[in-house]
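Q: Input file: entry.csv. Contents: CSV, C-alpha atoms.
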chain,number,residue,atom,x,y,z
A,42,MET,CA,142.4,61.5,103.1
A,43,PRO,CA,139.0,60.6,101.8
A,44,THR,CA,137.8,61.7,98.4
A,45,PRO,CA,134.5,63.8,98.4
A,46,ASP,CA,132.7,60.7,97.1
A,47,THR,CA,134.0,58.5,99.9
A,48,LEU,CA,133.4,61.1,102.5
A,49,VAL,CA,129.8,61.7,101.5
A,50,GLU,CA,129.2,58.0,101.1
A,51,GLY,CA,130.2,57.7,104.7
A,52,TYR,CA,128.0,60.6,105.7
A,53,ILE,CA,124.9,59.0,104.2
A,54,ALA,CA,125.9,55.7,105.7
A,55,MET,CA,126.2,57.2,109.2
A,56,TRP,CA,122.6,58.6,109.0
A,57,ASN,CA,121.4,55.1,107.9
A,58,GLU,CA,123.4,52.9,110.2
A,59,PRO,CA,121.1,51.1,112.7
A,60,ASP,CA,123.8,49.5,114.9
A,61,ALA,CA,124.8,52.1,117.5
A,62,GLN,CA,128.5,51.1,117.7
A,63,ARG,CA,129.0,51.0,114.0
A,64,ARG,CA,127.1,54.3,113.6
A,65,ARG,CA,129.4,56.0,116.1
A,66,GLU,CA,132.4,54.6,114.1
A,67,LEU,CA,131.0,56.1,110.9
A,68,VAL,CA,130.3,59.4,112.6
A,69,ALA,CA,133.9,59.5,114.0
A,70,GLN,CA,135.3,58.7,110.5
A,71,THR,CA,133.2,61.4,108.9
A,72,VAL,CA,133.2,64.4,111.2
A,73,THR,CA,135.9,66.0,113.4
A,74,ASP,CA,135.8,65.9,117.2
A,75,ASP,CA,134.8,69.6,117.3
A,76,ALA,CA,132.4,69.4,114.3
A,77,SER,CA,129.1,71.2,114.3
A,78,TYR,CA,125.9,70.3,112.5
A,79,VAL,CA,122.8,72.5,112.1
A,80,ASP,CA,119.7,72.3,110.0
A,81,PRO,CA,116.2,73.8,110.4
A,82,LEU,CA,115.1,71.0,112.7
A,83,MET,CA,118.1,69.9,114.8
A,84,SER,CA,121.7,70.5,115.7
A,85,GLY,CA,124.6,68.7,117.3
A,86,SER,CA,128.2,69.3,118.3
A,87,GLY,CA,131.1,66.9,118.2
A,88,VAL,CA,131.2,63.2,117.4
A,89,ASP,CA,129.1,62.3,120.5
A,90,GLY,CA,126.6,65.2,120.0
A,91,ILE,CA,126.1,64.4,116.2
A,92,ASP,CA,125.9,60.7,116.9
A,93,ALA,CA,123.2,61.3,119.6
A,94,MET,CA,121.3,63.7,117.2
A,95,ILE,CA,121.3,61.0,114.5
A,96,ALA,CA,120.1,58.3,117.0
A,97,ALA,CA,117.2,60.6,117.9
A,98,ALA,CA,116.3,61.2,114.2
A,99,GLN,CA,116.4,57.4,113.6
A,100,GLN,CA,114.0,56.9,116.5
A,101,GLN,CA,111.7,59.6,115.1
A,102,TYR,CA,111.7,58.1,111.6
A,103,PRO,CA,112.1,54.4,112.0
A,104,GLY,CA,112.5,52.4,108.7
A,105,HIS,CA,113.5,55.5,106.8
A,106,ARG,CA,116.7,55.8,104.8
A,107,PHE,CA,118.7,58.6,103.3
A,108,THR,CA,119.9,58.4,99.7
A,109,LEU,CA,122.3,60.7,97.8
A,110,LEU,CA,120.4,62.6,95.0
A,111,THR,CA,123.1,64.9,93.5
A,112,GLY,CA,126.8,65.5,94.1
A,113,PRO,CA,129.1,65.6,95.9
A,114,ASP,CA,130.2,68.9,94.3
A,115,ALA,CA,133.5,69.9,95.9
A,116,HIS,CA,136.1,72.7,95.6
A,117,ASN,CA,138.8,73.9,98.0
A,118,ASP,CA,137.8,72.7,101.5
A,119,ARG,CA,134.0,72.8,100.7
A,120,VAL,CA,131.5,70.2,99.6
A,121,ARG,CA,127.8,70.2,98.8
A,122,PHE,CA,125.3,67.4,97.9
A,123,SER,CA,121.6,66.8,98.0
A,124,TRP,CA,119.7,63.9,99.5
A,125,ALA,CA,116.3,62.4,100.1
A,126,ILE,CA,114.8,60.5,103.0
A,127,ALA,CA,112.2,57.9,102.3
A,128,PRO,CA,110.5,55.0,104.1
A,129,ASP,CA,111.5,51.6,102.8
A,130,GLY,CA,110.1,51.3,99.3
A,131,GLY,CA,108.2,54.6,99.6
A,132,GLU,CA,108.2,58.1,98.2
A,133,PRO,CA,110.6,60.7,99.9
A,134,ILE,CA,109.2,62.5,102.9
A,135,ALA,CA,111.9,65.2,102.6
A,136,VAL,CA,114.7,66.3,100.3
A,137,GLY,CA,117.5,68.7,101.1
A,138,HIS,CA,121.0,70.1,100.5
A,139,ASP,CA,123.9,69.8,102.9
A,140,PHE,CA,127.0,72.0,102.8
A,141,ALA,CA,130.2,71.2,104.6
A,142,THR,CA,133.5,72.7,105.4
A,143,LEU,CA,136.3,70.2,105.6
A,144,ALA,CA,139.2,70.0,108.2
A,145,PRO,CA,142.8,69.5,107.0
A,146,ASP,CA,142.4,65.7,107.6
A,147,GLY,CA,139.4,65.6,105.2
A,148,ARG,CA,136.7,65.1,107.7
A,149,MET,CA,133.7,67.5,108.0
A,150,SER,CA,134.2,70.2,110.5
A,151,SER,CA,131.0,72.2,109.9
A,152,ILE,CA,127.8,71.0,108.3
A,153,THR,CA,124.7,73.0,107.4
A,154,GLY,CA,121.5,71.3,106.2
A,155,PHE,CA,118.8,73.0,104.2
A,156,LEU,CA,115.4,71.6,103.3
A,157,ASP,CA,114.3,71.9,99.7
A,158,GLN,CA,110.7,72.1,98.4
A,159,PRO,CA,109.6,68.5,97.6
B,233,MET,CA,120.3,93.7,112.3
B,234,PRO,CA,119.5,93.1,108.7
B,235,THR,CA,116.8,90.6,107.6
B,236,PRO,CA,118.1,87.8,105.2
B,237,ASP,CA,116.3,89.6,102.4
B,238,THR,CA,118.1,92.9,103.1
B,239,LEU,CA,121.4,91.2,103.7
B,240,VAL,CA,121.3,89.3,100.4
B,241,GLU,CA,120.0,92.4,98.6
B,242,GLY,CA,123.1,94.2,99.8
B,243,TYR,CA,125.3,91.2,98.8
B,244,ILE,CA,124.0,91.2,95.2
B,245,ALA,CA,124.3,95.1,95.1
B,246,MET,CA,128.0,94.9,96.2
B,247,TRP,CA,128.8,92.6,93.3
B,248,ASN,CA,127.1,95.0,90.9
B,249,GLU,CA,128.2,98.4,92.2
B,250,PRO,CA,130.5,100.1,89.7
B,251,ASP,CA,131.5,103.0,92.0
B,252,ALA,CA,134.6,101.9,94.1
B,253,GLN,CA,133.8,104.0,97.2
B,254,ARG,CA,130.1,102.9,97.2
B,255,ARG,CA,131.1,99.3,96.5
B,256,ARG,CA,133.4,99.2,99.5
B,257,GLU,CA,130.6,100.7,101.7
B,258,LEU,CA,128.3,97.9,100.6
B,259,VAL,CA,131.0,95.2,101.2
B,260,ALA,CA,131.6,96.6,104.7
B,261,GLN,CA,127.8,96.6,105.4
B,262,THR,CA,127.5,93.0,104.2
B,263,VAL,CA,130.5,91.1,105.5
B,264,THR,CA,132.5,91.2,108.7
B,265,ASP,CA,136.1,92.5,108.9
B,266,ASP,CA,137.4,88.9,109.2
B,267,ALA,CA,135.0,87.4,106.6
B,268,SER,CA,136.2,84.9,104.1
B,269,TYR,CA,134.8,84.1,100.6
B,270,VAL,CA,135.7,81.2,98.4
B,271,ASP,CA,134.3,79.7,95.2
B,272,PRO,CA,135.8,77.5,92.5
B,273,LEU,CA,137.3,80.5,90.7
B,274,MET,CA,138.3,83.1,93.4
B,275,SER,CA,138.7,83.8,97.0
B,276,GLY,CA,139.1,86.8,99.3
B,277,SER,CA,139.5,87.6,103.0
B,278,GLY,CA,138.2,90.6,105.0
B,279,VAL,CA,136.4,93.6,103.7
B,280,ASP,CA,139.4,94.9,101.7
B,281,GLY,CA,140.2,91.4,100.3
B,282,ILE,CA,136.6,90.7,99.2
B,283,ASP,CA,136.3,94.3,97.8
B,284,ALA,CA,139.4,93.8,95.8
B,285,MET,CA,138.2,90.4,94.6
B,286,ILE,CA,134.9,91.9,93.4
B,287,ALA,CA,136.8,94.7,91.7
B,288,ALA,CA,138.8,92.2,89.8
B,289,ALA,CA,135.7,90.2,88.8
B,290,GLN,CA,134.0,93.4,87.6
B,291,GLN,CA,137.1,94.1,85.4
B,292,GLN,CA,137.0,90.6,84.0
B,293,TYR,CA,133.2,90.8,83.2
B,294,PRO,CA,132.5,94.4,82.3
B,295,GLY,CA,128.8,95.2,81.8
B,296,HIS,CA,127.6,92.0,83.5
B,297,ARG,CA,125.2,92.1,86.5
B,298,PHE,CA,124.2,89.6,89.1
B,299,THR,CA,120.6,88.9,89.9
B,300,LEU,CA,119.0,86.9,92.6
B,301,LEU,CA,117.3,83.7,91.3
B,302,THR,CA,116.0,81.9,94.5
B,303,GLY,CA,116.0,82.6,98.2
B,304,PRO,CA,117.3,83.8,100.5
B,305,ASP,CA,116.5,80.6,102.5
B,306,ALA,CA,117.7,81.2,106.1
B,307,HIS,CA,117.7,79.3,109.4
B,308,ASN,CA,119.7,79.7,112.6
B,309,ASP,CA,122.8,81.7,111.5
B,310,ARG,CA,122.9,80.3,108.0
B,311,VAL,CA,121.6,81.5,104.7
B,312,ARG,CA,121.6,80.3,101.1
B,313,PHE,CA,120.5,81.7,97.8
B,314,SER,CA,121.0,81.3,94.1
B,315,TRP,CA,122.0,83.8,91.5
B,316,ALA,CA,122.8,84.4,87.8
B,317,ILE,CA,125.3,86.6,86.1
B,318,ALA,CA,124.4,88.0,82.7
B,319,PRO,CA,125.6,90.7,80.3
B,320,ASP,CA,123.2,93.6,80.0
B,321,GLY,CA,120.1,92.3,78.2
B,322,GLY,CA,121.7,88.9,77.6
B,323,GLU,CA,121.4,85.3,78.7
B,324,PRO,CA,123.2,84.3,81.9
B,325,ILE,CA,126.8,83.2,81.5
B,326,ALA,CA,126.8,81.4,84.9
B,327,VAL,CA,124.4,80.5,87.7
B,328,GLY,CA,125.3,79.3,91.1
B,329,HIS,CA,124.4,79.0,94.8
B,330,ASP,CA,126.0,80.8,97.7
B,331,PHE,CA,126.0,79.7,101.3
B,332,ALA,CA,126.9,82.0,104.2
B,333,THR,CA,127.3,81.8,107.9
B,334,LEU,CA,126.3,85.0,109.8
B,335,ALA,CA,128.1,86.8,112.6
B,336,PRO,CA,126.1,87.9,115.7
B,337,ASP,CA,125.7,91.3,114.1
B,338,GLY,CA,124.0,89.8,111.1
B,339,ARG,CA,126.7,90.3,108.6
B,340,MET,CA,128.2,87.4,106.6
B,341,SER,CA,131.4,85.9,108.2
B,342,SER,CA,131.9,83.0,105.8
B,343,ILE,CA,130.7,82.7,102.3
B,344,THR,CA,131.0,79.7,99.9
B,345,GLY,CA,130.0,79.9,96.3
B,346,PHE,CA,129.2,76.9,94.1
B,347,LEU,CA,128.6,76.9,90.3
B,348,ASP,CA,125.5,75.1,89.0
B,349,GLN,CA,125.1,73.5,85.7
B,350,PRO,CA,123.6,76.1,83.3
What do you get writing this file as structure tokens?
A:
Amino acid sequence: MPTPDTLVEGYIAMWNEPDAQRRRELVAQTVTDDASYVDPLMSGSGVDGIDAMIAAAQQQYPGHRFTLLTGPDAHNDRVRFSWAIAPDGGEPIAVGHDFATLAPDGRMSSITGFLDQP
Amino acid sequence: MPTPDTLVEGYIAMWNEPDAQRRRELVAQTVTDDASYVDPLMSGSGVDGIDAMIAAAQQQYPGHRFTLLTGPDAHNDRVRFSWAIAPDGGEPIAVGHDFATLAPDGRMSSITGFLDQP
């Protein structure tokens, strides 16, 4: 079972992965088959739905990468962390917090994203 | 259906309400019958379980009150906000963030609390 650090490292990596096959592998490692993701701008369900959502986000913000800002902070089957998204070498265009509930196998089953004031 | 502001106002009020009957009414207004609450220190399920959990917390910290620090920040069926707990007239002994998923009737069905660095 992944530690919160490993899990969230994989989560950030799946958002950043440019190779479609490798990205889907990372998504499948990180979220359950019936996982759901929702934030103020997008949503996705299941490994395929979340993978497609990330692919669309990557097309919308080419050359941007997510980095972990704080956390992960975990207790029981819950985890939270904050992140930034920035163009290569540039200032962040958005920062936010994500909160997840974990399945018994340690993958994320429900993820909620919130946008913070920059 | 309550607005996020009204909902979270009721949530803070239920944690602070000293009268047992009034407290249970506030809990029942704020969370669903099958709601679950979990933070690093305690957990509770359902209106009765969450009411009993709050009663125990009130006995552990007599004379302390919760106040809303930031939020609520809401989108879709999710809400987050931050809070402080302090003795009457004193400095906070803890601050934290809560995240909730809302049921179709607008009450909270799942609540996760996290403690922030003071």
Q: Show me, as JSON, numbers by chain, the residues that have an atom within 12 Å of Glu323 in chain B when counting all atoms listed in the file, minus same-chain residues fewer than 6 positions from it.
A: {"B": [296, 297, 298, 299, 316, 317, 350]}
Q: Report as a compact mmCIF listing (two decimals) with C-alpha atoms, in the frame of the given file the set of chain B residues whose atoms approach chain A to within 8 Å, with distances computed over all atoms listed in the file.
A:
# COMPACT_ATOMS: atom_id res chain seq x y z
CA VAL B 270 135.70 81.20 98.40
CA ASP B 271 134.30 79.70 95.20
CA PRO B 272 135.80 77.50 92.50
CA HIS B 307 117.70 79.30 109.40
CA ASN B 308 119.70 79.70 112.60
CA ARG B 310 122.90 80.30 108.00
CA PHE B 331 126.00 79.70 101.30
CA THR B 344 131.00 79.70 99.90
Q: Applying 9 Å and all atoms listed in the file, which residues near range 87-91 of chain A remain after dropping the ones on its own chain fewer than 4 positions away? List them as an NGL selection string.
A: :A and (65 or 68-69 or 71-78 or 95-96 or 150)
Q: Give me, please, the distance in Å between CA of Leu48 in chain A and CA of Arg148 in chain A, quoted to one decimal.
A: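 Here the two named atoms are 7.3 Å from each other.
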Q: From the list B:Leu300, B:Asp283, B:Gly276, B:Ser314, which residue is nearest Leu258 in chain B when using only C-alpha atoms?
A: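 Ranking B:Leu300, B:Asp283, B:Gly276, B:Ser314 by distance to Leu258 in chain B, first place goes to B:Asp283.
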Q: Could you jot down the CA of Tyr243 in chain B to CA of Gln291 in chain B separation for me, Å, one decimal place?
A: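 Here the two named atoms are 18.1 Å from each other.
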Q: Of the candidates A:Pro43, A:Met83, A:Pro133, A:Glu58, which one gets nearest to Gln70 in chain A if we count only C-alpha atoms?
A: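 Answer, going by the shortest atom-to-atom distance: A:Pro43.
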Q: When you draw a straight line from CA of Met94 in chain A to CA of Pro336 in chain B, how long is it in Å?
A: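 One can read the CA of Met94 in chain A to CA of Pro336 in chain B distance as 24.7 Å.
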Q: Tell me, as a ChimeraX atom specification, which residues lie within 9 Å of Trp124 in chain A, counting all atoms listed in the file; anything in the same chain fewer than 3 positions away does not count.
A: /A:53,107-111,135-139
Q: Counting only C-alpha atoms, which of A:Met42, A:Ala97, A:Gly104, A:Gln158 gets nearest to Gly131 in chain A?
A: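 Smallest distance to Gly131 in chain A is found for A:Gly104.
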